[in-house]
Structure formats: C-alpha cells, structure tokens
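Note sheet for the following structure.
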Amino acid sequence: MLPPVKKDRVISQLPRCFSPNAALHTKDGFHPQVKAVCQFQRTATVSFNIAKVIVVGDVAVGKTCLISRFCRGAFDKNYKATIGVDFEMERFEVLGVPFSLQLWDTAGQERFKCIASTYYRGAQAIIVVFDLSSASSLTHARQWLEDAMKENDPSSVLLFLVGTKKDLSSPDQLSQVEQEAIRLSEEIKAEYWAVSAKSGDGVREFFFRVASLTFEANVLSELEKSGSRHVGDIIRITDNTDAHRRRKRTPQCC
Ligand code: GDP
Ligand code: MG
C-alpha cells in the first residue's frame, strides 16, 4: 500500500500557463468532462495512473537540477553528468485521483544519445530544456524535439519548452531570448516556461502544469478510447505505460 500523496502535491485547480502567447491551452479550469469523471472516480474503483515524461536538451542546460529542485527541493551547484538515463517518480493527486509523473532525465552528450533515445518511446510529454543564457542551446532545441518525436506519436504528446537558469539573466537579456523562445514554441506547438532551479522560481508551477495537462489529456483519451458518452460509462482510468514497471537502471552499452 502506497503512503498518501504529500499535501503539497495535491492539485485541485488547473494551474495557469506561464505565457498565454505560448500555452498548450489557456482555459481557466479543467475540461468539464475530466472534472465530472474525477468526481465519479472518487466513489468508484480508481486505478493507479501514470504518465511518462522525458526531459531532453543539451548537456549542462540544467535538466538534472530542474528535476532535483522539484523532486527533492534542493539545488546542487556541482555538476554531475547524467550517465545514459535516470528517472524519478513524483506522485500527485489531481482532482482527487492519484496520478504520477515518471520523469526520465536523459544525458545530453552525443555518446549517450543512442542509449537515451531508446527510452523516448511512449512519452505522454516531452520537456525540451534550454539554458536562457545560451543562445545555442535554444537553437538545438528543435533537433532534440525531432529526435524525441521519432519515437512517439505527435498527436498524443504534449510539448514543453523550458528555459532554465533564469537567475543568470538580466530582464533585458531575458526578454530578448523569450521572444525567440515564444516564437519557437508557437511553431512547434509547445508550452513555454522560464524557470530557475537555483532559486526555485517557477519550478513547482511548471511541474504542476505538466501534471495537470498530462492528467487531463490521459483522461480525455481514455474517454475517447472507451467511446464513453456518459461519465458513468468509464469505470477505470487505466495505466497506459508499461515502462513504470521497469526498475531504475543504468544501461550497460549503446
Ligand atoms: P544537465 O546536464 O542538463 O542535466 O545539467 P545539470 O542540471 O547537471 O546542470 C548543469 C550546471 O548548471 C550545474 O553546474 C548546475 O549547478 C548549473 N545550473 C543548473 N540549473 C541552474 C540554474 O537554474 N541557475 C544556475 N545559476 N545554474 C544552474
Ligand atoms: Mg543531467
């Protein structure tokens, strides 16, 4: 039996986007059908629900620090390269339903790319990370996205473009990079966020948004698959990844 979800991981309202110019959607609340299903789920069988999220981007842009800041509430300024892939599970409760994000942290080095890419498949969300103080890392974002999309169905993946190390840029620098990042987000249909793992600025809000939007998409896709027209038709929100059963492991070779 799993321990209860921590109080600060309870989501009862849809969190706001970072920028309405580059958002997956700007609606004020969860989809009415999702709210209705969750209401029903509280009194029916609720199965464990999970979303696979992969985090990609150039080496040293801050992928590992971003995940650690959210999952452990800490920032480690000493750089430790990620070898191959690593993952963290983060449990939430969304609209009263247990929901987990499985966050796959990948290595940005060229030599680990082929290992990491084998873990891209079956993602519900792709987070492309770039460093707000490095223009080249934003230029490379498109390539990271293309690589990750090769293994996934574009119609069912939510994309996020996240600029990190916000603490290092002046407001002027930031607004310049943001213009470019928002333009790219619009083009690739991603939701844009700017955060700092060092100060924690925006990190919690960002992951809450990822959890909420993937949850909403999962429930809507379950409803569609089951052809349910009425809320009562759906009994279980099923777990649609098998990857969560795999244990945390470091690949041996490419
Ligand atoms: P990864 O290779 O993308 O996983 O990068 P890491 O998360 O390991 O971070 C690379 C380096 O950037 C480390 O030295 C971190 O201390 C630093 N770093 C990461 N996030 C931030 C941030 O938000 N602000 C600042 N100032 N440095 C950061
Ligand atoms: Mg790393």
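Every chain in the structure tokens has a letter given in the order shown (A, B, ...), and although residue numbers restart at 1 in each chain, ligands are simply numbered from 1 in the order shown.
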
At most 7 Å from ligand 1 (only C-alpha atoms and all ligand atoms): residue list as number ranges by chain | A: 57-66, 76-82, 107-108, 164-168, 195-199

Quick one: residues within 6 Å of range 112-128 of chain A, only C-alpha atoms counted, chain neighbours fewer than 3 positions away excluded, as number ranges by chain?
-> A: 51-57, 84-85, 106, 109, 148, 151-152, 157-161, 254

Residue nearest ligand 2 among A:Val34, A:Val129, A:Leu101, A:Ala22 (counting only C-alpha atoms and all ligand atoms) | A:Val129

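With only C-alpha atoms and all ligand atoms as the atoms that count, the residue of A:Asp131, A:Glu93, A:Asp105, A:Glu180 with the shortest distance to ligand 2 is A:Asp105.
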
Running DSSP on the backbone, which parts of range 2-198 of chain A land in alpha helix (DSSP H), as a count of residues only?
-> 58

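For Glu191 in chain A, the residues within 9 Å (counting only C-alpha atoms, excluding itself and residues fewer than 5 positions away along the chain) are Cys17, Phe18, Ser19, Pro20, Asn21, Ala22, Ala23, Leu24, His25, Leu158, Leu159, Phe160, Leu161, Val162, Ile182, Ser185 and Glu186 of chain A.
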
So that I can see what lies close to Leu213 in chain A, please list as an mmCIF file with C-alpha atoms, in the first residue's frame the residues with an atom at most 9 Å from it, counting only C-alpha atoms and leaving out residues fewer than 3 positions away in the same chain.
```
data_model
loop_
_atom_site.group_PDB
_atom_site.id
_atom_site.type_symbol
_atom_site.label_atom_id
_atom_site.label_comp_id
_atom_site.auth_asym_id
_atom_site.auth_seq_id
_atom_site.Cartn_x
_atom_site.Cartn_y
_atom_site.Cartn_z
ATOM 1 C CA LEU A 14 -5.847 23.863 -13.229
ATOM 2 C CA LEU A 24 -0.965 24.451 -24.813
ATOM 3 C CA PHE A 30 -10.000 21.500 -16.204
ATOM 4 C CA LEU A 158 2.341 17.335 -25.017
ATOM 5 C CA PHE A 208 2.121 21.236 -11.584
ATOM 6 C CA ARG A 209 1.120 22.411 -15.034
ATOM 7 C CA VAL A 210 2.805 19.344 -16.626
ATOM 8 C CA GLU A 216 -6.317 15.954 -18.396
ATOM 9 C CA ALA A 217 -5.066 14.533 -21.714
ATOM 10 C CA ASN A 218 -4.936 10.991 -20.279
#
```

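Across the structure, CA of Trp193 in chain A and CA of Ala181 in chain A are spaced 9.1 Å apart.
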
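The coordinates place CA of Phe130 in chain A at 14.8 Å from CA of Glu146 in chain A.
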
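In this comparison, which uses only C-alpha atoms, the residue of A:Arg69, A:Ser156, A:Ser169, A:Gln143 approaching Asp201 in chain A most closely is A:Arg69.
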
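Across the model, the gap from CA of Pro98 in chain A to CA of Ile11 in chain A is 10.2 Å.
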